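The block underneath contains the structure these notes are about, expressed in structure tokens.
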Amino acid sequence: MKIAVVGYPNVGKSSLVNRLTQSREAIVHERPGLTRDRKELRTEWNGRRVTLIDTGGVDLDDRDEMARSIQEQARAALADAQAALFVVDARAGVRPGDLEMADLLRRTANGRPVIVAANKVDTAADIPLAAEFHQLGLGEPVPVSAAQGLGTGDLLDRLTAAVPPDADAGEEDEDLVRLALIGRPNVGKSSMVNRILGDERVIVSEVAGTTRDAIDLPFTYDGPPARRVILVDTAGLRRQAKVGDSIEYYTALRSRRAAERADVALVICDATDGVTAQDLRVAELAMQSGCATALVLNKWDLTGGDDFDLDHERARVAQKLRLRPRVLTASALTGRHVQRLLQEAMALADRTSGRIPTPQLNRFLSEIQEIRQPPAKQNHRLKLIYMTQTGERPPRFSIQVNSRQRVTRDYAYFIENRLRERWRLEGIPLIVDFVERKERRGEGRSNPRRSRTAAG
């Protein structure tokens, strides 16, 4: 079941969501207005799966463009939920903004239950403060403390009792793909998310830094084959020296964690700037996290197409980034090549988790030795005996050799690059282990010594 968490700014909605989900996913700071987009977080209570939709603070009197966007996001969350959790500040008492929000909830509930949570009741002596919120006309308020955890169990009991068991709650799909969109500020990540989803799901603004959190957005990719995808919109990543305050530091940290949790990352770049040094750093960060990666030149409609040297950009990326990710073009504004981005992302996910048959790998091993003879040291030549895949996500390969000491870094990179070319592993971190096998006289036994020499 889905519960929309709404309320006036700075009443502790995100803190309460973190407490109820036993996580630190929602951004919390003393500065009001940090939460802007709606963010879904999951938890479980008494065998019931609960999805809490954290929303930005709603002040219905605020006519600022950003405030109106936040209000629209909150309304969308309410429309998508089976119940509403209205969070108020017990210490501040009933404010005009609370009365307006309560009136809106009564008018738009359409039979959905609304539970009032009187937050910031940090001690037993503060519990009577919750009684004031009876005047909202939404039933018995539940005194809770996001900071101390007081009353959160009672609140979850009320929420699960208010909504009938959700028959649609099932097991997580093993074929789920986590796709993160990362990049510098103001390159069009949120616009691309909305284009992919076909809905104004996240707030888009010309002001850099509008997105403050990593927002998980589930949807179904039509395929073929159809599969479930979690699309992750992230805050812009700037150079460390330009990170101005603690809020920006933590939003950047969440973006990095989003890349670590993702199966595939699309590094969104501004095509009018080309691939910048910071774009390369962001891509390197994603690949170091073990994430399959491609670069996307967004805003392609602004480049004039023929006037842009795409081959030069691709050659530069191949030279600068060892994993040689693909460079694609798209336009979130017009929708150009957006479907192709999804196809490439799903293909990257499949290749990251796929396995290559051992006979094919051993034929590959013979072919590359014909193309380029293995190195020799002290009149003894390296022999590549046998190759097999030992793992996936990321792909890991083992090559048995006659002497580990004869493997040079240059030849290891040569093998890695040929692997990428043969099985389209561009942008996918992979590991090649060289395992030494020495034959003992009169025995067929081996004495392996493992060494990981090529890792993406």
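To be explicit about the labels: the chains of the structure tokens are called A, B, and onward in the order shown, and within each one the residues are counted from 1, while ligands get numbers from 1 in the order they are shown.
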
Q. Which residues come within 8 Å of Val87 in chain A, counting only C-alpha atoms, excluding same-chain residues fewer than 4 positions away, as a VMD selection string?
A. chain A and resid 5 to 8 11 to 13 116 to 119

Same residues, N, CA and C atoms, output as a compact mmCIF listing (two decimals), in the first residue's frame:
```txt
# COMPACT_ATOMS: atom_id res chain seq x y z
N VAL A 5 2.86 11.23 2.43
CA VAL A 5 3.22 11.97 3.64
C VAL A 5 3.26 13.45 3.27
N VAL A 6 2.32 14.24 3.83
CA VAL A 6 2.18 15.64 3.45
C VAL A 6 2.18 16.50 4.70
N GLY A 7 2.35 17.81 4.49
CA GLY A 7 2.32 18.74 5.62
C GLY A 7 2.99 20.05 5.28
N TYR A 8 2.93 20.97 6.22
CA TYR A 8 3.54 22.29 6.10
C TYR A 8 5.06 22.16 6.09
N VAL A 11 8.00 20.56 9.27
CA VAL A 11 7.34 19.91 10.40
C VAL A 11 7.96 18.55 10.72
N GLY A 12 8.94 18.12 9.90
CA GLY A 12 9.63 16.86 10.19
C GLY A 12 9.13 15.68 9.39
N LYS A 13 8.59 15.93 8.18
CA LYS A 13 8.07 14.82 7.37
C LYS A 13 9.18 13.85 6.99
N VAL A 116 -3.57 11.89 11.10
CA VAL A 116 -2.80 13.05 11.54
C VAL A 116 -1.72 12.58 12.51
N ALA A 117 -0.46 12.92 12.20
CA ALA A 117 0.66 12.60 13.07
C ALA A 117 1.18 13.89 13.68
N ALA A 118 1.01 14.06 15.00
CA ALA A 118 1.52 15.23 15.71
C ALA A 118 2.98 14.96 16.07
N ASN A 119 3.89 15.47 15.26
CA ASN A 119 5.32 15.19 15.41
C ASN A 119 5.95 16.11 16.46
```

How close does each residue of range 95-207 of chain A get to range 347-365 of chain A, giving the shortest atom pair and distance in Å to one decimal for every residue with an atom at most 10 Å away, counting only C-alpha atoms, sorted by chain and residue number, as a Markdown table?
```
| residue | atom | partner | partner_atom | distance |
| --- | --- | --- | --- | --- |
| A:Asp175 | CA | A:Asp350 | CA | 9.6 |
| A:Leu176 | CA | A:Ala349 | CA | 9.8 |
| A:Val177 | CA | A:Ala349 | CA | 7.0 |
| A:Arg178 | CA | A:Ala349 | CA | 8.8 |
| A:Leu179 | CA | A:Ala349 | CA | 9.0 |
```

I need the chosen residues saved as a tab-separated table (two decimals), in the first residue's frame, with N, CA, C and O atoms.
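part32.tsv, freshly written:
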```
chain	number	residue	atom	x	y	z
A	175	ASP	N	14.26	-9.72	-12.23
A	175	ASP	CA	14.73	-9.11	-13.46
A	175	ASP	C	14.73	-7.58	-13.38
A	175	ASP	O	14.88	-6.89	-14.38
A	176	LEU	N	14.58	-7.06	-12.17
A	176	LEU	CA	14.55	-5.62	-11.96
A	176	LEU	C	15.88	-4.99	-12.34
A	176	LEU	O	16.95	-5.50	-12.00
A	177	VAL	N	15.82	-3.85	-13.05
A	177	VAL	CA	17.02	-3.12	-13.44
A	177	VAL	C	16.99	-1.75	-12.77
A	177	VAL	O	15.98	-1.03	-12.87
A	178	ARG	N	18.06	-1.39	-12.10
A	178	ARG	CA	18.18	-0.06	-11.50
A	178	ARG	C	19.01	0.81	-12.46
A	178	ARG	O	20.18	0.52	-12.71
A	179	LEU	N	18.38	1.86	-12.96
A	179	LEU	CA	18.99	2.73	-13.96
A	179	LEU	C	19.12	4.13	-13.38
A	179	LEU	O	18.11	4.79	-13.10
```

### Message
Among range 67-239 of chain A, which ones does DSSP assign to strand (DSSP E) (computed from the backbone)? Answer as a count of residues only.
### Response
36

Write out as an mmCIF file with N, CA and C atoms, in the first residue's frame which residues come within 12 Å of range 315-322 of chain A when counting only C-alpha atoms, dropping same-chain ones fewer than 5 positions away.
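The resulting file, out09.cif, is shown below:
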```cif
data_model
loop_
_atom_site.group_PDB
_atom_site.id
_atom_site.type_symbol
_atom_site.label_atom_id
_atom_site.label_comp_id
_atom_site.auth_asym_id
_atom_site.auth_seq_id
_atom_site.Cartn_x
_atom_site.Cartn_y
_atom_site.Cartn_z
ATOM 1 N N GLY A 274 29.851 19.709 -25.197
ATOM 2 C CA GLY A 274 30.645 18.518 -25.474
ATOM 3 C C GLY A 274 30.880 17.740 -24.192
ATOM 4 N N VAL A 275 31.750 16.759 -24.246
ATOM 5 C CA VAL A 275 32.098 15.967 -23.059
ATOM 6 C C VAL A 275 33.189 16.715 -22.300
ATOM 7 N N THR A 276 32.848 17.253 -21.140
ATOM 8 C CA THR A 276 33.791 18.053 -20.365
ATOM 9 C C THR A 276 34.621 17.166 -19.444
ATOM 10 N N ALA A 277 35.631 17.781 -18.832
ATOM 11 C CA ALA A 277 36.470 17.046 -17.881
ATOM 12 C C ALA A 277 35.645 16.546 -16.701
ATOM 13 N N ASP A 279 32.437 15.731 -16.809
ATOM 14 C CA ASP A 279 31.663 14.587 -17.310
ATOM 15 C C ASP A 279 32.503 13.311 -17.251
ATOM 16 N N LEU A 280 33.767 13.418 -17.627
ATOM 17 C CA LEU A 280 34.654 12.257 -17.579
ATOM 18 C C LEU A 280 34.855 11.786 -16.150
ATOM 19 N N ARG A 281 34.969 12.731 -15.203
ATOM 20 C CA ARG A 281 35.127 12.348 -13.797
ATOM 21 C C ARG A 281 33.877 11.640 -13.280
ATOM 22 N N VAL A 282 32.705 12.129 -13.666
ATOM 23 C CA VAL A 282 31.453 11.495 -13.237
ATOM 24 C C VAL A 282 31.357 10.075 -13.800
ATOM 25 N N ALA A 283 31.722 9.909 -15.068
ATOM 26 C CA ALA A 283 31.694 8.579 -15.683
ATOM 27 C C ALA A 283 32.673 7.642 -14.985
ATOM 28 N N GLU A 284 33.848 8.152 -14.661
ATOM 29 C CA GLU A 284 34.839 7.334 -13.960
ATOM 30 C C GLU A 284 34.317 6.911 -12.591
ATOM 31 N N LEU A 285 33.633 7.819 -11.912
ATOM 32 C CA LEU A 285 33.034 7.504 -10.614
ATOM 33 C C LEU A 285 32.025 6.367 -10.745
ATOM 34 N N ALA A 286 31.167 6.434 -11.758
ATOM 35 C CA ALA A 286 30.158 5.399 -11.953
ATOM 36 C C ALA A 286 30.806 4.053 -12.228
ATOM 37 N N MET A 287 31.826 4.028 -13.076
ATOM 38 C CA MET A 287 32.459 2.762 -13.442
ATOM 39 C C MET A 287 33.263 2.185 -12.278
ATOM 40 N N GLN A 288 33.857 3.053 -11.449
ATOM 41 C CA GLN A 288 34.561 2.569 -10.264
ATOM 42 C C GLN A 288 33.599 1.962 -9.255
ATOM 43 N N THR A 293 28.123 1.670 -17.749
ATOM 44 C CA THR A 293 27.983 3.110 -17.981
ATOM 45 C C THR A 293 27.982 3.453 -19.467
ATOM 46 N N ALA A 294 27.171 4.434 -19.829
ATOM 47 C CA ALA A 294 27.216 5.055 -21.159
ATOM 48 C C ALA A 294 27.073 6.553 -20.978
ATOM 49 N N LEU A 295 27.660 7.334 -21.889
ATOM 50 C CA LEU A 295 27.537 8.779 -21.861
ATOM 51 C C LEU A 295 26.474 9.211 -22.861
ATOM 52 N N VAL A 296 25.663 10.196 -22.470
ATOM 53 C CA VAL A 296 24.570 10.673 -23.309
ATOM 54 C C VAL A 296 24.740 12.171 -23.528
ATOM 55 N N ASP A 309 31.253 17.581 -34.000
ATOM 56 C CA ASP A 309 32.192 16.500 -34.326
ATOM 57 C C ASP A 309 32.019 15.360 -33.323
ATOM 58 N N LEU A 310 31.026 14.510 -33.582
ATOM 59 C CA LEU A 310 30.717 13.425 -32.666
ATOM 60 C C LEU A 310 31.838 12.390 -32.627
ATOM 61 N N VAL A 327 29.216 6.587 -26.442
ATOM 62 C CA VAL A 327 28.719 7.964 -26.397
ATOM 63 C C VAL A 327 27.504 8.042 -27.307
ATOM 64 N N LEU A 328 26.340 8.351 -26.720
ATOM 65 C CA LEU A 328 25.078 8.387 -27.446
ATOM 66 C C LEU A 328 24.557 9.817 -27.501
ATOM 67 N N TYR A 413 45.947 -5.597 -20.699
ATOM 68 C CA TYR A 413 45.023 -4.613 -21.250
ATOM 69 C C TYR A 413 44.588 -4.997 -22.659
ATOM 70 N N PHE A 414 45.503 -5.576 -23.426
ATOM 71 C CA PHE A 414 45.168 -6.024 -24.778
ATOM 72 C C PHE A 414 44.050 -7.072 -24.730
ATOM 73 N N GLU A 416 41.879 -7.526 -22.298
ATOM 74 C CA GLU A 416 40.660 -6.875 -21.805
ATOM 75 C C GLU A 416 39.955 -6.104 -22.926
ATOM 76 N N ASN A 417 40.713 -5.359 -23.710
ATOM 77 C CA ASN A 417 40.113 -4.579 -24.795
ATOM 78 C C ASN A 417 39.501 -5.462 -25.871
ATOM 79 N N ARG A 420 36.167 -6.699 -24.690
ATOM 80 C CA ARG A 420 35.133 -5.673 -24.845
ATOM 81 C C ARG A 420 34.636 -5.612 -26.287
ATOM 82 N N LEU A 425 31.296 -5.246 -24.477
ATOM 83 C CA LEU A 425 31.363 -4.938 -23.050
ATOM 84 C C LEU A 425 31.865 -3.522 -22.800
ATOM 85 N N GLU A 426 31.652 -2.608 -23.770
ATOM 86 C CA GLU A 426 32.087 -1.226 -23.596
ATOM 87 C C GLU A 426 31.342 -0.585 -22.429
ATOM 88 N N GLY A 427 32.098 0.039 -21.534
ATOM 89 C CA GLY A 427 31.506 0.704 -20.391
ATOM 90 C C GLY A 427 31.160 -0.215 -19.235
ATOM 91 N N ILE A 428 31.477 -1.497 -19.364
ATOM 92 C CA ILE A 428 31.158 -2.473 -18.313
ATOM 93 C C ILE A 428 32.437 -2.824 -17.558
ATOM 94 N N PRO A 429 32.473 -2.603 -16.240
ATOM 95 C CA PRO A 429 33.646 -3.024 -15.470
ATOM 96 C C PRO A 429 33.793 -4.541 -15.545
ATOM 97 N N LEU A 430 34.989 -5.006 -15.800
ATOM 98 C CA LEU A 430 35.219 -6.450 -15.802
ATOM 99 C C LEU A 430 36.567 -6.749 -15.162
ATOM 100 N N ALA A 454 43.653 -7.186 -14.153
ATOM 101 C CA ALA A 454 42.890 -6.250 -14.998
ATOM 102 C C ALA A 454 41.523 -6.073 -14.402
ATOM 103 N N ALA A 455 41.263 -4.901 -13.897
ATOM 104 C CA ALA A 455 39.948 -4.634 -13.292
ATOM 105 C C ALA A 455 39.464 -3.299 -13.777
ATOM 106 N N GLY A 456 38.168 -3.267 -14.035
ATOM 107 C CA GLY A 456 37.589 -2.014 -14.470
ATOM 108 C C GLY A 456 37.046 -1.246 -13.295
#
```

For Ala412 in chain A, the closest of A:Pro113, A:Pro375, A:Gly198, A:Pro325 counting only C-alpha atoms is A:Pro375

| message | Quick one: residues within 12 Å of Tyr221 in chain A, only C-alpha atoms, excluding same-chain residues fewer than 3 positions away - as a ChimeraX atom specification? | response | /A:175-179,196-198,218,224-231,339,341-343,345-346

Would you pick out the contacts of Arg19 in chain A at 7 Å or less, using only C-alpha atoms, so that residues sharing its chain but fewer than 3 positions from it are not included, and give the list as number ranges by chain? A: 15-16, 22-23, 146, 149

Could you turn the residues from that selection into a file that holds N, CA and C atoms, as a short mmCIF file (atom, residue, chain, number, x, y, z; two decimals), in the first residue's frame?
```
data_model
loop_
_atom_site.label_atom_id
_atom_site.label_comp_id
_atom_site.auth_asym_id
_atom_site.auth_seq_id
_atom_site.Cartn_x
_atom_site.Cartn_y
_atom_site.Cartn_z
N SER A 15 12.14 13.44 8.35
CA SER A 15 12.67 12.77 9.55
C SER A 15 11.76 11.62 9.97
N LEU A 16 10.45 11.85 9.89
CA LEU A 16 9.50 10.80 10.27
C LEU A 16 9.55 9.64 9.28
N GLN A 22 13.27 3.12 8.92
CA GLN A 22 14.56 2.73 9.51
C GLN A 22 15.69 2.92 8.51
N SER A 23 15.69 4.09 7.90
CA SER A 23 16.70 4.40 6.90
C SER A 23 17.11 5.86 7.07
N ALA A 146 9.72 11.81 15.62
CA ALA A 146 10.67 11.29 14.63
C ALA A 146 12.07 11.22 15.22
N GLY A 149 11.55 8.36 18.29
CA GLY A 149 10.86 7.12 17.95
C GLY A 149 9.59 6.89 18.74
#
```

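Shortest separation to Ala130 in chain A among A:Gly223, A:Gly93, A:Gly183, A:Gly153 occurs at residue A:Gly93, atoms counted being only C-alpha atoms.
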
Original post:
What gap, in Å, lies between CA of Val432 in chain A and CA of Leu419 in chain A?
Top reply: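 Straight-line distance from CA of Val432 in chain A to CA of Leu419 in chain A works out to 10.0 Å.
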
- Task: Would you mind writing down, as a ChimeraX atom specification, each residue of range 281-437 of chain A that DSSP on the backbone assigns to helix (DSSP H, G or I)?
- Result: /A:281-288,300-302,310-320,338-353,358-371,404-406,409-423

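Distance check against Arg261 in chain A using only C-alpha atoms: of A:Arg393, A:Gln373, A:Asn194, A:Arg184, the minimum falls on A:Arg393.
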
Quick one: distance from CA of Thr43 in chain A to CA of Asp263 in chain A in Å, one decimal?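 Going from CA of Thr43 in chain A over to CA of Asp263 in chain A, I get 22.2 Å.
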
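With only C-alpha atoms as the atoms that count, the residue of A:Ser331, A:Leu20, A:Ile215, A:Val264 with the shortest distance to Gly151 in chain A is A:Leu20.
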
Rank nothing, just name the residue among A:Val50, A:Leu99, A:Ile127, A:Ala76 nearest to Glu200 in chain A, using only C-alpha atoms.
->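 Nearest candidate to Glu200 in chain A out of A:Val50, A:Leu99, A:Ile127, A:Ala76: A:Ala76.
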